[in-house]
Amino acid sequence: MRCGLIDSLEWAYPDSDTGRKPCHEHKIDVARGGTAAVTILINDAAPGSGIRLAARSRAGGRAGFFRLRDVPVEKNTGPVGFTEKDGKQNRFVARRAPFRVYDAMQPVGARLDVKAATQAVRVHIPVPRDARPGQCDHILSVASGKDIHELKLSVAVHKPVIPPVGRNSWPYTNWFSLGNMAARHGLKQWSEGHWAMIGKYARLMARNRQNTFWFTFGDVFTLGKSGLLLNRDRIRRIVDTFTRAGMHFIEGGHFGGRSTSEWTCPTFSVSLTKRLATSVEGNADIACAARQMMEEIDRNGWRGRYVQHVTDEPIRENAADYRIFVGMVRKYMPGIPIMDATMDPSLSGSVDIWCPQVQHYQQNRALFEAERALGDRIWFYTCCFPGGPWLNRLLDMELLRPALLGWGAALFRMDGFLHWGLNHYAGNQDPFEMSVIPNWGGGSNSLPAGDTHVVYPGEGGPWSSVRFESQREGLEDLELLKLLEQRHPKKAQALVRSVIRGFDDYTKNVAAFRAARGKLLKMPV
């Protein structure tokens, strides 16, 4: 058996090899409240045997061990978005498809059952917020029978403290499927077991810096003879469950969507009634749902933490209908901020919180910043777009890219981040064996590997992914960069620009990134 250490921001693959000179010692800088992480790569293990795992240090504490499960990448992300086709190759991928990569993190205890000759184990060592700054060495033991390997993880704990997740942390959301939280774990929807599972997902999201959660209208409204009826107990329990997990901001789901499957459809309809949103009947539907929501918002003191979506990704071709739709929602939900995935400046004046894709923001930065100067906020998002060199968190991109999303947010002083896919697996999709799926809207486009999800439905609860953890690391850095910006704005921007100059211009060198983080942790924040 051979063992070596790999940086937590470097991919490991089933065909990875520790080489002739395996890395037996790894050094890492961590803020208080953060997590020291490293991957152990194991070669030449004996399938069917067992591996014992342990960690010890003078500081004590408990290490978490995760077996890394490999998942497929059937096709590469395209140079613009979706997946490659028509002979147009994306030269910015980390590896050519098809291949498999270690992404899913299965929690294990002190013993690992060997299923293949190559194994990868992720180690997490939480650093308490009240930890004493200084150097601490952790000895990681990997043993099979009498074959014992000891590896050293040297952790430099620094003085800065990562702020807790909640009202004051940087806004971040991943949209999720409550239905999949039931179905993928064999639970009856809205049973007590389902609610317990929702709590597990909520705690994982909050641990990874998510402080904003949504609900869909289908989760909380039913359509009866008298119109749309809000399940008040259910919406309260949803909010209470995610609030208890540490999350704060509430996103009201979309009132409607395009009236047809055509992307350029000029009109929108109310999702649950299918009636034209800007019609007399649609207005009645909107009023009915909005007034019930406002009663709950005011009764439960949710103003100040609630934002409302109207419809997803409006564009120039339906801007006129969208403006009317938004005005109707505002009429019945006065004072509630409107937020949508908005990329086209022609929508100026319709939303309070813009949310363009990274490439659209950067390519139209002056226009978006003009909206911010008028008082709007600017979030950003990624999905099946963009591909090529742009930052995203897909499975064939460098693992450093999700971490750099936080540094990009610091560079452009963005107000929040959104991704649609926490656990939106398609009905026939086993995320352990299928990463690329046909586009929801049909056609020849496919959603790229990892777009639908950043967690996995494991035994007993959700499993994190190394991509989810990478993004967490970058968002922890962002909190410290924001503090540095308040005291030393020039130093903060200079440090950020040493790592990233644009959402498509950044270092791919993990060592260079780690060096910049080391400087951040040594600065007075």
# chains A, B, ... in the order shown; residues from 1 in each chain; ligands from 1
$ residues_around --residues "Ile125 (chain A)" --least-positions-apart "5" --cutoff "10 Å" --atoms "only C-alpha atoms" --output "ChimeraX atom specification"
/A:34-38,55,61-65,138,153,155
$ write_last_selection --atoms "all heavy atoms" --output "PDB file, in the first residue's frame"
ATOM      1  N   GLY A  34     -12.390  28.025  10.831  1.00  0.00           N
ATOM      2  CA  GLY A  34     -12.300  27.358   9.543  1.00  0.00           C
ATOM      3  C   GLY A  34     -12.067  25.868   9.686  1.00  0.00           C
ATOM      4  O   GLY A  34     -12.209  25.285  10.771  1.00  0.00           O
ATOM      5  N   THR A  35     -11.698  25.236   8.587  1.00  0.00           N
ATOM      6  CA  THR A  35     -11.473  23.789   8.562  1.00  0.00           C
ATOM      7  C   THR A  35     -10.171  23.490   7.841  1.00  0.00           C
ATOM      8  O   THR A  35      -9.963  23.956   6.715  1.00  0.00           O
ATOM      9  CB  THR A  35     -12.626  23.064   7.832  1.00  0.00           C
ATOM     10  OG1 THR A  35     -13.859  23.338   8.502  1.00  0.00           O
ATOM     11  CG2 THR A  35     -12.398  21.566   7.797  1.00  0.00           C
ATOM     12  N   ALA A  36      -9.286  22.750   8.498  1.00  0.00           N
ATOM     13  CA  ALA A  36      -8.074  22.257   7.842  1.00  0.00           C
ATOM     14  C   ALA A  36      -8.452  20.995   7.086  1.00  0.00           C
ATOM     15  O   ALA A  36      -9.006  20.058   7.668  1.00  0.00           O
ATOM     16  CB  ALA A  36      -6.988  21.972   8.869  1.00  0.00           C
ATOM     17  N   ALA A  37      -8.172  20.962   5.793  1.00  0.00           N
ATOM     18  CA  ALA A  37      -8.594  19.833   4.966  1.00  0.00           C
ATOM     19  C   ALA A  37      -7.457  19.364   4.083  1.00  0.00           C
ATOM     20  O   ALA A  37      -6.621  20.158   3.643  1.00  0.00           O
ATOM     21  CB  ALA A  37      -9.799  20.221   4.104  1.00  0.00           C
ATOM     22  N   VAL A  38      -7.438  18.075   3.819  1.00  0.00           N
ATOM     23  CA  VAL A  38      -6.437  17.485   2.934  1.00  0.00           C
ATOM     24  C   VAL A  38      -7.010  16.171   2.419  1.00  0.00           C
ATOM     25  O   VAL A  38      -7.911  15.578   3.036  1.00  0.00           O
ATOM     26  CB  VAL A  38      -5.099  17.260   3.665  1.00  0.00           C
ATOM     27  CG1 VAL A  38      -5.206  16.101   4.668  1.00  0.00           C
ATOM     28  CG2 VAL A  38      -3.948  17.042   2.696  1.00  0.00           C
ATOM     29  N   ALA A  55      -6.288  10.128  13.536  1.00  0.00           N
ATOM     30  CA  ALA A  55      -5.578  11.404  13.557  1.00  0.00           C
ATOM     31  C   ALA A  55      -5.287  11.761  15.005  1.00  0.00           C
ATOM     32  O   ALA A  55      -6.141  11.587  15.879  1.00  0.00           O
ATOM     33  CB  ALA A  55      -6.408  12.497  12.900  1.00  0.00           C
ATOM     34  N   GLY A  61      -8.987  17.499  19.636  1.00  0.00           N
ATOM     35  CA  GLY A  61      -9.961  17.718  18.567  1.00  0.00           C
ATOM     36  C   GLY A  61     -10.256  16.427  17.838  1.00  0.00           C
ATOM     37  O   GLY A  61      -9.556  15.414  17.997  1.00  0.00           O
ATOM     38  N   ARG A  62     -11.291  16.458  17.029  1.00  0.00           N
ATOM     39  CA  ARG A  62     -11.724  15.247  16.337  1.00  0.00           C
ATOM     40  C   ARG A  62     -11.722  15.472  14.838  1.00  0.00           C
ATOM     41  O   ARG A  62     -12.327  16.420  14.345  1.00  0.00           O
ATOM     42  CB  ARG A  62     -13.116  14.843  16.812  1.00  0.00           C
ATOM     43  CG  ARG A  62     -13.588  13.514  16.245  1.00  0.00           C
ATOM     44  CD  ARG A  62     -14.865  13.057  16.914  1.00  0.00           C
ATOM     45  NE  ARG A  62     -15.291  11.758  16.423  1.00  0.00           N
ATOM     46  CZ  ARG A  62     -16.345  11.092  16.879  1.00  0.00           C
ATOM     47  NH1 ARG A  62     -17.077  11.627  17.844  1.00  0.00           N
ATOM     48  NH2 ARG A  62     -16.668   9.918  16.376  1.00  0.00           N
ATOM     49  N   ALA A  63     -11.042  14.613  14.132  1.00  0.00           N
ATOM     50  CA  ALA A  63     -10.992  14.701  12.677  1.00  0.00           C
ATOM     51  C   ALA A  63     -12.188  13.970  12.076  1.00  0.00           C
ATOM     52  O   ALA A  63     -12.657  12.960  12.610  1.00  0.00           O
ATOM     53  CB  ALA A  63      -9.699  14.101  12.153  1.00  0.00           C
ATOM     54  N   GLY A  64     -12.670  14.496  10.951  1.00  0.00           N
ATOM     55  CA  GLY A  64     -13.714  13.817  10.192  1.00  0.00           C
ATOM     56  C   GLY A  64     -13.106  13.178   8.959  1.00  0.00           C
ATOM     57  O   GLY A  64     -12.277  13.789   8.270  1.00  0.00           O
ATOM     58  N   PHE A  65     -13.470  11.921   8.689  1.00  0.00           N
ATOM     59  CA  PHE A  65     -12.952  11.198   7.526  1.00  0.00           C
ATOM     60  C   PHE A  65     -14.098  10.942   6.551  1.00  0.00           C
ATOM     61  O   PHE A  65     -15.208  10.584   6.950  1.00  0.00           O
ATOM     62  CB  PHE A  65     -12.329   9.869   7.948  1.00  0.00           C
ATOM     63  CG  PHE A  65     -11.116  10.012   8.822  1.00  0.00           C
ATOM     64  CD1 PHE A  65     -11.200   9.821  10.195  1.00  0.00           C
ATOM     65  CD2 PHE A  65      -9.880  10.349   8.281  1.00  0.00           C
ATOM     66  CE1 PHE A  65     -10.090   9.950  11.007  1.00  0.00           C
ATOM     67  CE2 PHE A  65      -8.759  10.486   9.088  1.00  0.00           C
ATOM     68  CZ  PHE A  65      -8.862  10.282  10.458  1.00  0.00           C
ATOM     69  N   HIS A 138      -0.766  17.550  12.915  1.00  0.00           N
ATOM     70  CA  HIS A 138      -1.697  16.431  13.049  1.00  0.00           C
ATOM     71  C   HIS A 138      -1.091  15.229  12.329  1.00  0.00           C
ATOM     72  O   HIS A 138      -0.747  15.322  11.139  1.00  0.00           O
ATOM     73  CB  HIS A 138      -3.051  16.784  12.450  1.00  0.00           C
ATOM     74  CG  HIS A 138      -3.725  17.939  13.119  1.00  0.00           C
ATOM     75  ND1 HIS A 138      -4.678  17.786  14.105  1.00  0.00           N
ATOM     76  CD2 HIS A 138      -3.570  19.279  12.951  1.00  0.00           C
ATOM     77  CE1 HIS A 138      -5.087  18.971  14.501  1.00  0.00           C
ATOM     78  NE2 HIS A 138      -4.436  19.899  13.819  1.00  0.00           N
ATOM     79  N   LEU A 153      -0.022  16.534   8.680  1.00  0.00           N
ATOM     80  CA  LEU A 153      -0.723  17.728   8.245  1.00  0.00           C
ATOM     81  C   LEU A 153      -0.366  18.847   9.220  1.00  0.00           C
ATOM     82  O   LEU A 153      -0.792  18.835  10.381  1.00  0.00           O
ATOM     83  CB  LEU A 153      -2.236  17.503   8.226  1.00  0.00           C
ATOM     84  CG  LEU A 153      -3.099  18.715   7.860  1.00  0.00           C
ATOM     85  CD1 LEU A 153      -2.785  19.208   6.451  1.00  0.00           C
ATOM     86  CD2 LEU A 153      -4.585  18.385   7.990  1.00  0.00           C
ATOM     87  N   VAL A 155      -0.781  22.450  10.453  1.00  0.00           N
ATOM     88  CA  VAL A 155      -1.812  23.474  10.372  1.00  0.00           C
ATOM     89  C   VAL A 155      -1.337  24.729  11.101  1.00  0.00           C
ATOM     90  O   VAL A 155      -1.065  24.692  12.297  1.00  0.00           O
ATOM     91  CB  VAL A 155      -3.137  22.979  10.977  1.00  0.00           C
ATOM     92  CG1 VAL A 155      -4.205  24.069  10.888  1.00  0.00           C
ATOM     93  CG2 VAL A 155      -3.597  21.708  10.283  1.00  0.00           C
TER      94      VAL A 155
END
$ residues_around --residues "Phe432 (chain A)" --least-positions-apart "6" --cutoff "12 Å" --atoms "only C-alpha atoms" --output "list in words"
Leu68, Arg69, Asp70, Val71, Pro72, Val73, Arg100, Val101, Tyr102, Asp103, Ala104, Met105, Gln106, Tyr425, Ala449, Gly450, His453, Val454, Val455, Tyr456, Pro457, Gly458, Trp463 and Ser465 of chain A
$ residues_around --residues "Tyr506 (chain A)" --least-positions-apart "5" --cutoff "12 Å" --atoms "only C-alpha atoms" --output "PyMOL selection string"
chain A and resi 389-391+398+400-405+407-408+411+496-501+512-513
$ residues_around --residues "Ile324 (chain A)" --least-positions-apart "6" --cutoff "10 Å" --atoms "only C-alpha atoms" --output "MDAnalysis selection string"
chainID A and resid 277:278 330 350
$ residues_around --residues "region 297-305 of chain A" --least-positions-apart "4" --cutoff "7 Å" --atoms "only C-alpha atoms" --output "VMD selection string"
chain A and resid 248 to 250 293
$ residues_around --residues "Ser177 (chain A)" --least-positions-apart "5" --cutoff "9 Å" --atoms "only C-alpha atoms" --output "MDAnalysis selection string"
chainID A and resid 215:216 421:425
$ write_last_selection --atoms "N, CA and C atoms" --output "PDB file, in the first residue's frame"
ATOM      1  N   PHE A 215     -38.318  28.646  -0.981  1.00  0.00           N
ATOM      2  CA  PHE A 215     -39.384  27.652  -1.085  1.00  0.00           C
ATOM      3  C   PHE A 215     -40.046  27.908  -2.427  1.00  0.00           C
ATOM      4  N   THR A 216     -40.593  26.885  -3.037  1.00  0.00           N
ATOM      5  CA  THR A 216     -41.347  27.066  -4.276  1.00  0.00           C
ATOM      6  C   THR A 216     -42.829  27.185  -3.942  1.00  0.00           C
ATOM      7  N   GLY A 421     -28.706  24.650  -8.543  1.00  0.00           N
ATOM      8  CA  GLY A 421     -28.662  23.209  -8.382  1.00  0.00           C
ATOM      9  C   GLY A 421     -27.986  22.696  -7.132  1.00  0.00           C
ATOM     10  N   LEU A 422     -28.699  22.648  -6.008  1.00  0.00           N
ATOM     11  CA  LEU A 422     -28.152  21.947  -4.842  1.00  0.00           C
ATOM     12  C   LEU A 422     -28.365  20.451  -5.000  1.00  0.00           C
ATOM     13  N   ASN A 423     -29.610  20.033  -5.281  1.00  0.00           N
ATOM     14  CA  ASN A 423     -29.933  18.607  -5.399  1.00  0.00           C
ATOM     15  C   ASN A 423     -31.036  18.369  -6.422  1.00  0.00           C
ATOM     16  N   HIS A 424     -30.959  19.074  -7.544  1.00  0.00           N
ATOM     17  CA  HIS A 424     -32.013  18.971  -8.555  1.00  0.00           C
ATOM     18  C   HIS A 424     -31.726  17.839  -9.541  1.00  0.00           C
ATOM     19  N   TYR A 425     -31.602  16.625  -9.019  1.00  0.00           N
ATOM     20  CA  TYR A 425     -31.419  15.473  -9.897  1.00  0.00           C
ATOM     21  C   TYR A 425     -32.692  15.243 -10.706  1.00  0.00           C
TER      22      TYR A 425
END
$ closest_residue --among "A:Gly186, A:Leu395, A:Lys146, A:Met294" --to "Val466 (chain A)" --atoms "only C-alpha atoms"
A:Leu395
$ residues_around --residues "region 16-21 of chain A" --least-positions-apart "3" --cutoff "8 Å" --atoms "only C-alpha atoms" --output "list in words"
Arg2, Cys3, Gly4, Ala12, Tyr13, Leu41, Ile42, Asn43 and Thr118 of chain A
$ closest_residue --among "A:Asn208, A:Ser464, A:Gln486, A:Asn231" --to "Arg67 (chain A)" --atoms "only C-alpha atoms"
A:Ser464
$ select_by_dssp --residues "region 253-350 of chain A" --states "strand (DSSP E)" --output "PyMOL selection string"
chain A and resi 256-258+268-270+306-308+339-340
$ write_last_selection --atoms "N, CA, C and O atoms" --output "compact mmCIF listing (two decimals), in the first residue's frame"
# COMPACT_ATOMS: atom_id res chain seq x y z
N GLY A 256 -44.36 32.76 -11.50
CA GLY A 256 -44.71 32.19 -12.79
C GLY A 256 -43.52 31.88 -13.66
O GLY A 256 -42.37 31.97 -13.22
N GLY A 257 -43.81 31.51 -14.90
CA GLY A 257 -42.79 31.19 -15.87
C GLY A 257 -43.28 31.51 -17.27
O GLY A 257 -44.43 31.98 -17.45
N ARG A 258 -42.47 31.25 -18.26
CA ARG A 258 -42.86 31.52 -19.64
C ARG A 258 -44.13 30.75 -20.00
O ARG A 258 -44.32 29.61 -19.58
N PHE A 268 -45.69 35.67 -19.80
CA PHE A 268 -45.52 34.79 -18.66
C PHE A 268 -46.89 34.37 -18.12
O PHE A 268 -47.87 35.11 -18.26
N SER A 269 -46.92 33.18 -17.51
CA SER A 269 -48.15 32.69 -16.90
C SER A 269 -47.90 32.33 -15.44
O SER A 269 -46.77 32.03 -15.04
N VAL A 270 -48.95 32.37 -14.63
CA VAL A 270 -48.87 31.98 -13.22
C VAL A 270 -48.65 30.47 -13.18
O VAL A 270 -49.40 29.70 -13.79
N TYR A 306 -36.91 38.87 3.89
CA TYR A 306 -37.66 38.22 2.81
C TYR A 306 -37.45 38.95 1.49
O TYR A 306 -37.57 40.18 1.43
N VAL A 307 -37.13 38.21 0.43
CA VAL A 307 -37.10 38.74 -0.93
C VAL A 307 -38.00 37.87 -1.80
O VAL A 307 -38.24 36.70 -1.46
N GLN A 308 -38.48 38.43 -2.90
CA GLN A 308 -39.45 37.72 -3.73
C GLN A 308 -38.96 37.58 -5.17
O GLN A 308 -38.52 38.55 -5.78
N MET A 339 -36.17 40.13 -6.63
CA MET A 339 -34.89 39.60 -7.09
C MET A 339 -35.14 38.52 -8.13
O MET A 339 -35.94 37.61 -7.91
N ASP A 340 -34.47 38.63 -9.27
CA ASP A 340 -34.55 37.60 -10.30
C ASP A 340 -33.23 37.47 -11.03
O ASP A 340 -32.38 38.38 -10.97
$ select_by_dssp --residues "region 58-223 of chain A" --states "alpha helix (DSSP H)" --output "PyMOL selection string"
chain A and resi 178-183+192-207+217-220
$ closest_residue --among "A:Gln119, A:Ala46, A:Asp137, A:Trp420" --to "Asp29 (chain A)" --atoms "only C-alpha atoms"
A:Asp137
$ closest_residue --among "A:Ser169, A:Pro126, A:Pro337, A:His194" --to "Met181 (chain A)" --atoms "only C-alpha atoms"
A:His194
$ atom_distance --atom1 "CA of Thr212 (chain A)" --atom2 "CA of Asn174 (chain A)"
7.9 Å
$ atom_distance --atom1 "CA of Ala116 (chain A)" --atom2 "CA of Asn76 (chain A)"
25.7 Å
$ closest_residue --among "A:Arg244, A:Arg32, A:Arg372, A:Lys88" --to "His158 (chain A)" --atoms "only C-alpha atoms"
A:Arg32
$ closest_residue --among "A:Thr173, A:Ser144, A:Asn211, A:Thr39" --to "Leu112 (chain A)" --atoms "only C-alpha atoms"
A:Ser144
